[in-house]
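**Student:** run.txt (compact mmCIF, C-alpha atoms) pasted underneath:
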```
# COMPACT_ATOMS: atom_id res chain seq x y z
CA MET A 29 -65.88 23.35 10.37
CA VAL A 30 -68.43 21.10 8.68
CA GLY A 31 -67.68 20.51 4.99
CA PHE A 32 -64.45 20.34 2.98
CA LYS A 33 -61.97 23.06 3.90
CA PRO A 34 -58.90 23.24 1.63
CA ASP A 35 -56.77 24.99 4.25
CA ASN A 36 -57.25 22.26 6.90
CA GLU A 37 -53.96 20.64 7.88
CA VAL A 38 -55.65 17.26 8.46
CA HIS A 39 -58.30 15.84 6.10
CA LEU A 40 -60.36 12.93 7.39
CA SER A 41 -61.35 10.00 5.17
CA HIS A 42 -64.92 9.49 3.95
CA THR A 43 -65.21 6.56 6.36
CA GLU A 44 -64.21 8.75 9.30
CA HIS A 45 -66.76 11.39 8.30
CA GLY A 46 -69.36 8.61 8.12
CA LEU A 47 -68.48 7.46 11.65
CA ALA A 48 -68.79 11.02 12.92
CA GLY A 49 -72.19 11.31 11.23
CA ALA A 50 -73.40 8.06 12.80
CA PHE A 51 -72.23 9.19 16.25
CA SER A 52 -73.93 12.59 15.97
CA GLY A 53 -77.18 11.04 14.71
CA MET A 54 -77.28 8.51 17.55
CA ILE A 55 -76.70 11.13 20.26
CA GLY A 56 -79.21 13.59 18.80
CA ARG A 57 -81.95 10.97 18.51
CA ALA A 58 -81.52 9.63 22.04
CA VAL A 59 -81.83 13.12 23.52
CA CYS A 60 -84.80 14.34 21.49
CA GLN A 61 -87.03 11.30 20.85
CA PRO A 62 -89.82 12.40 23.28
CA LEU A 63 -90.24 15.68 21.39
CA ASP A 64 -90.42 13.73 18.13
CA VAL A 65 -93.18 11.52 19.55
CA LEU A 66 -95.18 14.61 20.57
CA LYS A 67 -94.66 16.26 17.20
CA ILE A 68 -95.89 13.20 15.28
CA ARG A 69 -98.91 12.73 17.56
CA PHE A 70 -99.89 16.38 17.00
CA GLN A 71 -99.42 16.05 13.24
CA LEU A 72 -101.66 12.98 13.09
CA GLN A 73 -104.45 14.53 15.18
CA VAL A 74 -107.22 15.71 12.88
CA SER A 75 -109.14 17.46 15.67
CA PRO A 76 -107.92 20.90 16.81
CA ILE A 77 -105.14 20.90 19.42
CA THR A 78 -107.34 22.76 21.91
CA LYS A 79 -109.62 21.98 24.86
CA SER A 80 -112.49 20.96 22.61
CA SER A 81 -114.62 17.83 22.61
CA GLY A 82 -113.10 15.07 20.53
CA SER A 83 -109.50 16.32 20.81
CA LYS A 84 -107.13 13.74 22.24
CA TYR A 85 -104.38 16.26 22.98
CA HIS A 86 -104.97 19.86 24.10
CA GLY A 87 -101.39 21.10 24.18
CA LEU A 88 -97.76 20.24 24.89
CA ILE A 89 -98.02 19.68 28.66
CA HIS A 90 -101.35 17.87 28.36
CA ALA A 91 -99.91 15.55 25.71
CA PHE A 92 -96.94 14.69 27.94
CA HIS A 93 -99.23 13.86 30.86
CA SER A 94 -101.70 11.93 28.70
CA ILE A 95 -99.10 9.74 27.04
CA ILE A 96 -97.42 8.89 30.36
CA LYS A 97 -100.76 8.25 32.06
CA ASP A 98 -102.29 6.11 29.27
CA GLU A 99 -99.22 4.30 27.92
CA GLY A 100 -96.43 4.70 30.45
CA VAL A 101 -93.28 6.84 30.40
CA THR A 102 -91.58 4.49 27.93
CA ALA A 103 -94.20 5.52 25.34
CA LEU A 104 -92.23 8.76 24.95
CA TRP A 105 -89.59 6.62 23.26
CA LYS A 106 -91.98 4.65 21.05
CA GLY A 107 -90.39 3.79 17.74
CA HIS A 108 -86.96 4.58 19.19
CA ILE A 109 -85.20 1.57 17.62
CA ALA A 110 -86.51 2.41 14.16
CA ALA A 111 -85.74 6.08 14.84
CA GLN A 112 -82.18 5.26 15.90
CA MET A 113 -81.70 3.18 12.75
CA LEU A 114 -83.01 6.16 10.79
CA SER A 115 -80.74 8.65 12.55
CA VAL A 116 -77.57 6.57 12.33
CA VAL A 117 -78.01 5.69 8.66
CA TYR A 118 -79.12 9.24 7.86
CA GLY A 119 -76.12 10.71 9.70
CA VAL A 120 -73.67 8.40 7.91
CA VAL A 121 -75.10 9.09 4.45
CA GLN A 122 -75.79 12.81 4.87
CA PHE A 123 -72.42 13.87 6.30
CA SER A 124 -70.42 11.51 4.05
CA VAL A 125 -72.17 12.75 0.91
CA TYR A 126 -71.93 16.36 2.09
CA GLU A 127 -68.17 16.12 2.64
CA ILE A 128 -67.70 14.42 -0.76
CA LEU A 129 -69.83 17.01 -2.58
CA THR A 130 -68.17 20.03 -0.96
CA GLU A 131 -64.77 18.60 -1.87
CA LYS A 132 -65.82 18.00 -5.50
CA PHE A 133 -67.42 21.44 -5.76
CA PHE A 134 -64.18 23.03 -4.53
CA GLU A 135 -62.17 21.07 -7.10
CA ILE A 136 -64.49 22.34 -9.85
CA THR A 137 -65.05 25.95 -8.75
CA LYS A 138 -61.79 26.54 -6.81
CA ARG A 139 -63.91 28.49 -4.32
CA ASP A 140 -65.22 27.74 -0.82
CA SER A 141 -68.45 29.72 -1.16
CA LYS A 142 -71.66 29.71 0.89
CA VAL A 143 -73.58 28.71 -2.25
CA ASN A 144 -71.53 25.50 -2.40
CA HIS A 145 -72.55 24.59 1.15
CA PHE A 146 -76.21 25.36 0.39
CA VAL A 147 -76.34 23.22 -2.79
CA CYS A 148 -74.29 20.36 -1.32
CA GLY A 149 -76.43 20.32 1.81
CA GLY A 150 -79.59 19.91 -0.27
CA GLY A 151 -78.09 17.12 -2.36
CA ALA A 152 -76.78 15.27 0.70
CA GLY A 153 -80.19 15.51 2.38
CA CYS A 154 -81.97 14.03 -0.66
CA VAL A 155 -79.61 11.06 -0.92
CA ALA A 156 -79.92 10.37 2.81
CA THR A 157 -83.72 10.63 2.66
CA VAL A 158 -84.06 8.04 -0.10
CA ALA A 159 -81.76 5.69 1.84
CA CYS A 160 -83.68 6.14 5.11
CA GLN A 161 -87.33 6.49 4.07
CA PRO A 162 -88.32 2.93 5.14
CA PHE A 163 -87.05 3.66 8.67
CA ASP A 164 -89.02 6.92 8.73
CA VAL A 165 -92.27 5.15 7.77
CA LEU A 166 -91.67 2.49 10.45
CA ARG A 167 -90.92 5.15 13.07
CA THR A 168 -94.13 7.04 12.26
CA ARG A 169 -96.28 3.92 12.54
CA PHE A 170 -94.72 2.82 15.82
CA VAL A 171 -95.30 6.29 17.29
CA ALA A 172 -98.89 6.35 15.98
CA GLN A 173 -99.97 3.03 17.48
CA GLY A 174 -101.46 3.10 20.95
CA GLU A 175 -102.54 0.15 23.08
CA PRO A 176 -102.97 -2.67 22.16
CA LYS A 177 -100.05 -2.55 19.77
CA VAL A 178 -100.56 -3.29 16.08
CA TYR A 179 -96.90 -4.15 15.53
CA LYS A 180 -95.04 -6.28 18.08
CA SER A 181 -91.56 -5.62 16.68
CA ILE A 182 -89.73 -4.11 13.71
CA HIS A 183 -89.59 -7.55 12.08
CA HIS A 184 -93.34 -8.01 12.54
CA ALA A 185 -94.02 -4.51 11.19
CA CYS A 186 -91.92 -5.10 8.08
CA LEU A 187 -93.63 -8.43 7.32
CA SER A 188 -97.11 -7.00 7.93
CA MET A 189 -96.55 -3.95 5.75
CA TYR A 190 -95.04 -6.02 2.95
CA LYS A 191 -97.86 -8.59 2.96
CA GLN A 192 -100.74 -6.14 3.34
CA GLU A 193 -99.54 -3.08 1.39
CA GLY A 194 -96.60 -4.15 -0.75
CA ILE A 195 -92.98 -3.02 -0.96
CA LEU A 196 -93.91 0.55 -1.95
CA SER A 197 -95.53 1.08 1.46
CA PHE A 198 -92.01 1.57 2.85
CA TYR A 199 -91.68 4.65 0.63
CA LYS A 200 -95.01 6.32 1.42
CA GLY A 201 -94.58 10.06 1.72
CA LEU A 202 -91.28 10.07 -0.20
CA TRP A 203 -92.17 13.01 -2.48
CA PRO A 204 -93.14 15.43 0.29
CA ALA A 205 -90.12 14.13 2.24
CA LEU A 206 -87.77 15.03 -0.63
CA LEU A 207 -89.45 18.40 -1.17
CA GLN A 208 -89.07 19.02 2.57
CA VAL A 209 -85.54 17.70 3.07
CA ALA A 210 -83.87 19.31 0.04
CA PRO A 211 -84.48 22.89 1.20
CA GLN A 212 -84.27 22.04 4.91
CA SER A 213 -80.92 20.30 4.59
CA ALA A 214 -79.64 23.02 2.28
CA LEU A 215 -80.79 25.72 4.71
CA SER A 216 -79.40 23.84 7.74
CA PHE A 217 -75.90 23.53 6.29
CA GLY A 218 -76.10 26.99 4.72
CA PHE A 219 -77.31 28.66 7.93
CA PHE A 220 -74.74 26.77 10.00
CA ASN A 221 -71.93 27.90 7.70
CA VAL A 222 -73.08 31.54 7.85
CA LEU A 223 -73.70 31.50 11.61
CA SER A 224 -70.36 29.83 12.37
CA HIS A 225 -68.50 32.50 10.37
CA SER A 226 -70.43 35.21 12.23
CA TRP A 227 -69.69 33.54 15.58
CA LYS A 228 -65.97 33.47 14.87
CA GLN A 229 -65.93 37.09 13.73
CA PHE A 230 -67.92 38.25 16.75
CA PHE A 231 -65.56 36.52 19.20
CA HIS A 232 -62.45 37.22 17.07
CA HIS A 233 -61.67 33.53 16.65
CA GLU A 234 -61.38 33.47 12.84
CA ASN A 235 -58.40 31.10 12.87
CA GLU A 236 -59.61 28.80 15.64
CA SER A 237 -62.04 25.91 15.94
CA LEU A 238 -65.70 26.80 16.52
CA GLY A 239 -65.77 24.87 19.81
CA ALA A 240 -68.56 22.88 21.43
CA LEU A 241 -70.59 25.91 22.59
CA GLY A 242 -70.30 27.64 19.23
CA SER A 243 -71.30 24.49 17.36
CA MET A 244 -74.32 24.03 19.63
CA VAL A 245 -75.55 27.64 19.36
CA CYS A 246 -75.04 27.84 15.59
CA GLY A 247 -76.67 24.44 15.14
CA ILE A 248 -79.73 25.48 17.16
CA GLY A 249 -80.11 28.61 15.05
CA ALA A 250 -79.73 26.63 11.82
CA GLY A 251 -82.26 24.01 12.94
CA ILE A 252 -84.97 26.46 13.99
CA GLY A 253 -84.54 28.66 10.92
CA SER A 254 -84.72 25.80 8.42
CA LYS A 255 -87.62 24.02 10.17
CA CYS A 256 -89.84 27.13 10.20
CA LEU A 257 -89.63 27.47 6.44
CA ILE A 258 -90.54 23.92 5.39
CA TYR A 259 -92.70 22.59 8.23
CA PRO A 260 -96.01 22.05 6.32
CA LEU A 261 -94.37 19.42 4.10
CA ASP A 262 -93.30 17.44 7.17
CA MET A 263 -96.84 17.48 8.52
CA VAL A 264 -98.30 16.29 5.18
CA LYS A 265 -95.67 13.56 4.93
CA LYS A 266 -96.73 12.11 8.28
CA ARG A 267 -100.40 12.02 7.25
CA ILE A 268 -99.52 10.12 4.06
CA GLN A 269 -97.26 7.65 5.87
CA ILE A 270 -100.11 6.24 7.97
CA GLU A 271 -102.35 5.59 4.95
CA GLY A 272 -103.27 1.89 5.14
CA PHE A 273 -102.37 1.71 8.83
CA ASP A 274 -104.78 0.14 11.33
CA GLU A 275 -107.92 2.34 11.43
CA LYS A 276 -108.59 1.64 15.12
CA SER A 277 -105.23 3.14 16.02
CA ARG A 278 -105.80 6.10 13.71
CA SER A 279 -109.30 6.84 15.05
CA VAL A 280 -108.00 8.15 18.40
CA TYR A 281 -106.65 11.21 16.55
CA GLY A 282 -110.09 12.18 15.21
CA PRO A 283 -112.05 11.41 12.00
CA ILE A 284 -110.14 9.16 9.62
CA ARG A 285 -109.04 10.92 6.44
CA HIS A 286 -107.83 9.30 3.22
CA TYR A 287 -105.42 11.12 0.94
CA ARG A 288 -104.65 10.40 -2.72
CA GLY A 289 -101.31 12.13 -2.78
CA MET A 290 -99.36 15.17 -1.64
CA THR A 291 -101.44 17.86 -3.38
CA HIS A 292 -104.74 16.26 -2.34
CA SER A 293 -103.58 15.94 1.26
CA ILE A 294 -102.54 19.62 1.46
CA LEU A 295 -105.84 20.82 -0.01
CA SER A 296 -107.85 18.44 2.20
CA VAL A 297 -106.12 19.56 5.40
CA ILE A 298 -106.68 23.24 4.55
CA ARG A 299 -110.33 22.60 3.62
CA ASP A 300 -111.21 20.42 6.62
CA GLU A 301 -108.97 21.83 9.36
CA GLY A 302 -107.89 25.28 8.23
CA LEU A 303 -104.63 26.74 6.95
CA PHE A 304 -102.92 26.73 10.35
CA ALA A 305 -103.48 22.95 10.60
CA LEU A 306 -100.43 22.63 8.34
CA TYR A 307 -98.45 23.83 11.36
CA LYS A 308 -99.84 21.36 13.90
CA GLY A 309 -97.04 20.24 16.19
CA LEU A 310 -94.82 23.19 15.22
CA TYR A 311 -93.91 24.10 18.83
CA PRO A 312 -92.46 20.69 19.85
CA SER A 313 -91.00 20.42 16.36
CA LEU A 314 -89.08 23.69 16.77
CA LEU A 315 -87.84 22.61 20.20
CA LYS A 316 -86.75 19.31 18.70
CA ALA A 317 -85.25 20.85 15.55
CA GLY A 318 -83.20 23.36 17.48
CA LEU A 319 -81.99 20.84 20.05
CA VAL A 320 -81.34 18.03 17.55
CA THR A 321 -79.50 20.22 15.05
CA GLY A 322 -77.46 21.80 17.82
CA VAL A 323 -76.48 18.40 19.24
CA TYR A 324 -76.03 17.06 15.69
CA PHE A 325 -73.45 19.64 14.57
CA CYS A 326 -71.80 19.85 17.98
CA ALA A 327 -71.32 16.07 18.26
CA TYR A 328 -70.17 15.85 14.64
CA GLU A 329 -67.55 18.59 14.97
CA GLN A 330 -66.24 17.32 18.30
CA PHE A 331 -65.99 13.73 17.02
CA CYS A 332 -64.17 14.97 13.90
CA ARG A 333 -61.83 16.93 16.16
CA LEU A 334 -61.18 13.78 18.20
CA LEU A 335 -60.34 11.86 15.02
CA LYS A 336 -58.04 14.65 13.85
CA SER A 337 -56.26 14.61 17.21
CA TRP A 338 -55.28 10.99 16.53
CA HIS A 339 -53.73 12.05 13.22
CA SER A 340 -52.05 15.18 14.61
CA PRO A 341 -51.96 15.25 18.45
CA ALA A 342 -49.93 18.45 18.63
CA LYS A 343 -52.33 20.46 16.45
CA TYR A 344 -55.71 19.22 17.74
CA LYS A 345 -56.04 18.99 21.52
CA VAL A 346 -59.20 17.46 23.03
```
As a first step, turn the structure in this file into structure tokens.

**Tutor:**
Amino acid sequence: MVGFKPDNEVHLSHTEHGLAGAFSGMIGRAVCQPLDVLKIRFQLQVSPITKSSGSKYHGLIHAFHSIIKDEGVTALWKGHIAAQMLSVVYGVVQFSVYEILTEKFFEITKRDSKVNHFVCGGGAGCVATVACQPFDVLRTRFVAQGEPKVYKSIHHACLSMYKQEGILSFYKGLWPALLQVAPQSALSFGFFNVLSHSWKQFFHHENESLGALGSMVCGIGAGIGSKCLIYPLDMVKKRIQIEGFDEKSRSVYGPIRHYRGMTHSILSVIRDEGLFALYKGLYPSLLKAGLVTGVYFCAYEQFCRLLKSWHSPAKYKV
């Protein structure tokens, strides 16, 4: 199970939990990067995602074909290096902090409650977001740029952003990111804890490990449920992150908009594009959220089980 469990016979170190988090983040990102590229492109498109004049992308299938045709199949992994750096660091920080917090909460409350997992999940997500925000901004800009490229490499992007926009440009969109991640992370860990208990009860495996299939199914459910509730903040965050970015690259997504902050961006999107514009890119985002979270928890639990098997081969068989 994810999180501190007092009745576990083997307790991994914080370093081992960090390694498991890095492994799960790396695997999840490699599998789901194309869906992330589609989601971001949809979020940045000001024009409606329909077959109307001026719309670059008309839908999921059309976007896939257009990106491959115009930029090549490798464009589906644009920003992958920055995204992998984001995922690995985020996985290390999030799972390490989550394990530490659940352990401390148990020491204080003497209870392993679902509320503990909810609160600790939100706190872990916030800490990881602050640590990884620069990678998220870089990823968004690499995905947004078309051909010719504005940034030649991560090093070039970092230097350009620092010289042209200052150090704070690496933290653009941090407030909506924190407002998004706190509930999403809390809901993800909370939902996963609830779903995993239900899975074990349904299959009468209360005293056994969740298993790879159970981790995947419960993770998919947790990812989709949490993403549905907080999606508008993710969309707004992406719009803010490309403020100051090359206007030629931005113009392919429709009229260029300038936002003065989170509240102004939300009101502007609703006024100019309609309320449902806050959910642009929701479909690929749900596919990605479900798949990523499923892979995330599954990889994390299986890697933790592998580590525990080294400590106690007789108890944990892999």

**Student:** Which distance in Å separates CA of Ala91 (chain A) and CA of Tyr287 (chain A), to one decimal?

**Tutor:**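 Result for CA of Ala91 (chain A) versus CA of Tyr287 (chain A): 25.8 Å, one decimal.
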
**Student:** If you measure from CA of Gly153 (chain A) to CA of Met290 (chain A), what distance in Å do you get, rounded to one decimal?

**Tutor:**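 CA of Met290 (chain A) lies at a distance of 19.6 Å from CA of Gly153 (chain A).
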
**Student:** If we count all atoms listed in the file, what is near region 219-229 of chain A at a cut-off of 6 Å, once residues fewer than 6 positions away on the same chain are taken out, given as a short mmCIF file (atom, residue, chain, number, x, y, z; two decimals) with C-alpha atoms, in the frame of the given file?

**Tutor:**
```cif
data_model
loop_
_atom_site.label_atom_id
_atom_site.label_comp_id
_atom_site.auth_asym_id
_atom_site.auth_seq_id
_atom_site.Cartn_x
_atom_site.Cartn_y
_atom_site.Cartn_z
CA CYS A 246 -75.04 27.84 15.59
CA GLY A 247 -76.67 24.44 15.14
CA ALA A 250 -79.73 26.63 11.82
#
```

**Student:** Where does region 161-232 of chain A meet region 120-128 of chain A within 12 Å, residue by residue, with the nearest atom pair and distance in Å to one decimal for each, counting all atoms listed in the file, listed by chain and rising number, as JSON lines?

**Tutor:**
```
{"residue": "A:Val209", "atom": "CA", "partner": "A:Gln122", "partner_atom": "CA", "distance": 11.1}
{"residue": "A:Ala210", "atom": "CA", "partner": "A:Gln122", "partner_atom": "CA", "distance": 11.4}
{"residue": "A:Ser213", "atom": "CA", "partner": "A:Gln122", "partner_atom": "CA", "distance": 9.1}
{"residue": "A:Ala214", "atom": "CA", "partner": "A:Tyr126", "partner_atom": "CA", "distance": 10.2}
{"residue": "A:Ser216", "atom": "CA", "partner": "A:Gln122", "partner_atom": "CA", "distance": 12.0}
{"residue": "A:Phe217", "atom": "CA", "partner": "A:Tyr126", "partner_atom": "CA", "distance": 9.2}
{"residue": "A:Gly218", "atom": "CA", "partner": "A:Tyr126", "partner_atom": "CA", "distance": 11.7}
```

**Student:** Those same residues - C-alpha atoms - I'd like them written as a short mmCIF file (atom, residue, chain, number, x, y, z; two decimals), in the coordinates of the input.

**Tutor:**
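So the final result, stored in again_6.cif, reads:
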```
data_model
loop_
_atom_site.label_atom_id
_atom_site.label_comp_id
_atom_site.auth_asym_id
_atom_site.auth_seq_id
_atom_site.Cartn_x
_atom_site.Cartn_y
_atom_site.Cartn_z
CA VAL A 209 -85.54 17.70 3.07
CA ALA A 210 -83.87 19.31 0.04
CA SER A 213 -80.92 20.30 4.59
CA ALA A 214 -79.64 23.02 2.28
CA SER A 216 -79.40 23.84 7.74
CA PHE A 217 -75.90 23.53 6.29
CA GLY A 218 -76.10 26.99 4.72
#
```

**Student:** Please define a box with edges along x, y and z of the file around all atoms of region 44-50 of chain A given in the file, extend it by 4 Å on each side, and return its centre and edge lengths in Å to one decimal, as AutoDock Vina command-line options.

**Tutor:**
```
--center_x -68.8 --center_y 9.4 --center_z 10.5 --size_x 17.2 --size_y 11.9 --size_z 12.8
```

**Student:** Which residue is closest to Lys106 (chain A)? Choose from A:Cys148, A:Ala58, A:Leu335, A:Leu40 and count all atoms listed in the file.

**Tutor:**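 Going through A:Cys148, A:Ala58, A:Leu335, A:Leu40 one by one, the smallest distance to Lys106 (chain A) is for A:Ala58.
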
**Student:** Can you work out which one of A:Val171, A:Ile77, A:Val323, A:Leu196 has the shortest atom-to-atom distance to Ala110 (chain A), counting all atoms listed in the file?

**Tutor:**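 Comparing A:Val171, A:Ile77, A:Val323, A:Leu196 against Ala110 (chain A), the winner is A:Val171.
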
**Student:** Which is closest to Ser83 (chain A) among A:Ser296, A:Gly242, A:Ile182, A:Phe70, if we use all atoms listed in the file?

**Tutor:**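 Result for the nearest residue to Ser83 (chain A): A:Phe70.
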
**Student:** Show which residues sit within 12 Å of Tyr311 (chain A), as number ranges by chain. Count only C-alpha atoms, and ignore same-chain residues fewer than 3 positions away.

**Tutor:** A: 63-64, 66-68, 70-71, 77, 87-89, 252, 255-256, 259, 307-308, 314-318

**Student:** Using only C-alpha atoms, please write the residues we just selected to a file, as a PDB file, keeping the file's coordinate frame.

**Tutor:**
```
ATOM      1  CA  LEU A  63     -90.240  15.680  21.390  1.00  0.00           C
ATOM      2  CA  ASP A  64     -90.420  13.730  18.130  1.00  0.00           C
ATOM      3  CA  LEU A  66     -95.180  14.610  20.570  1.00  0.00           C
ATOM      4  CA  LYS A  67     -94.660  16.260  17.200  1.00  0.00           C
ATOM      5  CA  ILE A  68     -95.890  13.200  15.280  1.00  0.00           C
ATOM      6  CA  PHE A  70     -99.890  16.380  17.000  1.00  0.00           C
ATOM      7  CA  GLN A  71     -99.420  16.050  13.240  1.00  0.00           C
ATOM      8  CA  ILE A  77    -105.140  20.900  19.420  1.00  0.00           C
ATOM      9  CA  GLY A  87    -101.390  21.100  24.180  1.00  0.00           C
ATOM     10  CA  LEU A  88     -97.760  20.240  24.890  1.00  0.00           C
ATOM     11  CA  ILE A  89     -98.020  19.680  28.660  1.00  0.00           C
ATOM     12  CA  ILE A 252     -84.970  26.460  13.990  1.00  0.00           C
ATOM     13  CA  LYS A 255     -87.620  24.020  10.170  1.00  0.00           C
ATOM     14  CA  CYS A 256     -89.840  27.130  10.200  1.00  0.00           C
ATOM     15  CA  TYR A 259     -92.700  22.590   8.230  1.00  0.00           C
ATOM     16  CA  TYR A 307     -98.450  23.830  11.360  1.00  0.00           C
ATOM     17  CA  LYS A 308     -99.840  21.360  13.900  1.00  0.00           C
ATOM     18  CA  LEU A 314     -89.080  23.690  16.770  1.00  0.00           C
ATOM     19  CA  LEU A 315     -87.840  22.610  20.200  1.00  0.00           C
ATOM     20  CA  LYS A 316     -86.750  19.310  18.700  1.00  0.00           C
ATOM     21  CA  ALA A 317     -85.250  20.850  15.550  1.00  0.00           C
ATOM     22  CA  GLY A 318     -83.200  23.360  17.480  1.00  0.00           C
TER      23      GLY A 318
END
```

**Student:** Could you give me, as a short mmCIF file (atom, residue, chain, number, x, y, z; two decimals) with C-alpha atoms, in the frame of the given file, the residues that have an atom at most 8 Å away from the point (-81.1, 14.1, 13.0) in the coordinates of the file, using all atoms listed in the file?

**Tutor:**
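Output file part-v2.cif follows:
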```cif
data_model
loop_
_atom_site.label_atom_id
_atom_site.label_comp_id
_atom_site.auth_asym_id
_atom_site.auth_seq_id
_atom_site.Cartn_x
_atom_site.Cartn_y
_atom_site.Cartn_z
CA SER A 52 -73.93 12.59 15.97
CA GLY A 53 -77.18 11.04 14.71
CA GLY A 56 -79.21 13.59 18.80
CA ARG A 57 -81.95 10.97 18.51
CA SER A 115 -80.74 8.65 12.55
CA TYR A 118 -79.12 9.24 7.86
CA GLY A 119 -76.12 10.71 9.70
CA VAL A 320 -81.34 18.03 17.55
CA THR A 321 -79.50 20.22 15.05
CA TYR A 324 -76.03 17.06 15.69
#
```

**Student:** CA of Trp105 (chain A) and CA of Pro62 (chain A), how far apart in Å?

**Tutor:**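 Between CA of Pro62 (chain A) and CA of Trp105 (chain A) the gap works out to 5.8 Å.
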
**Student:** Go through A:Phe51, A:Gly302, A:Val65, A:His184 one by one, measure the shortest atom-to-atom distance of each to Val116 (chain A) using only C-alpha atoms, and give the residue with the smallest value.

**Tutor:**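 Checking each candidate against Val116 (chain A), we get A:Phe51 as the closest.
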
**Student:** Would you mind telling me which residue in A:Met263, A:Ile284, A:Leu166, A:Cys60 lies nearest to Tyr190 (chain A) when using all atoms listed in the file?

**Tutor:**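 Of the candidates, the smallest distance to Tyr190 (chain A) is held by A:Leu166.
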
**Student:** Find, counting all atoms listed in the file, the residue in A:Ser141, A:Ser181, A:Thr168, A:Gln173 that gets nearest to Glu99 (chain A).

**Tutor:**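 Under the stated criterion, the closest residue is A:Gln173.
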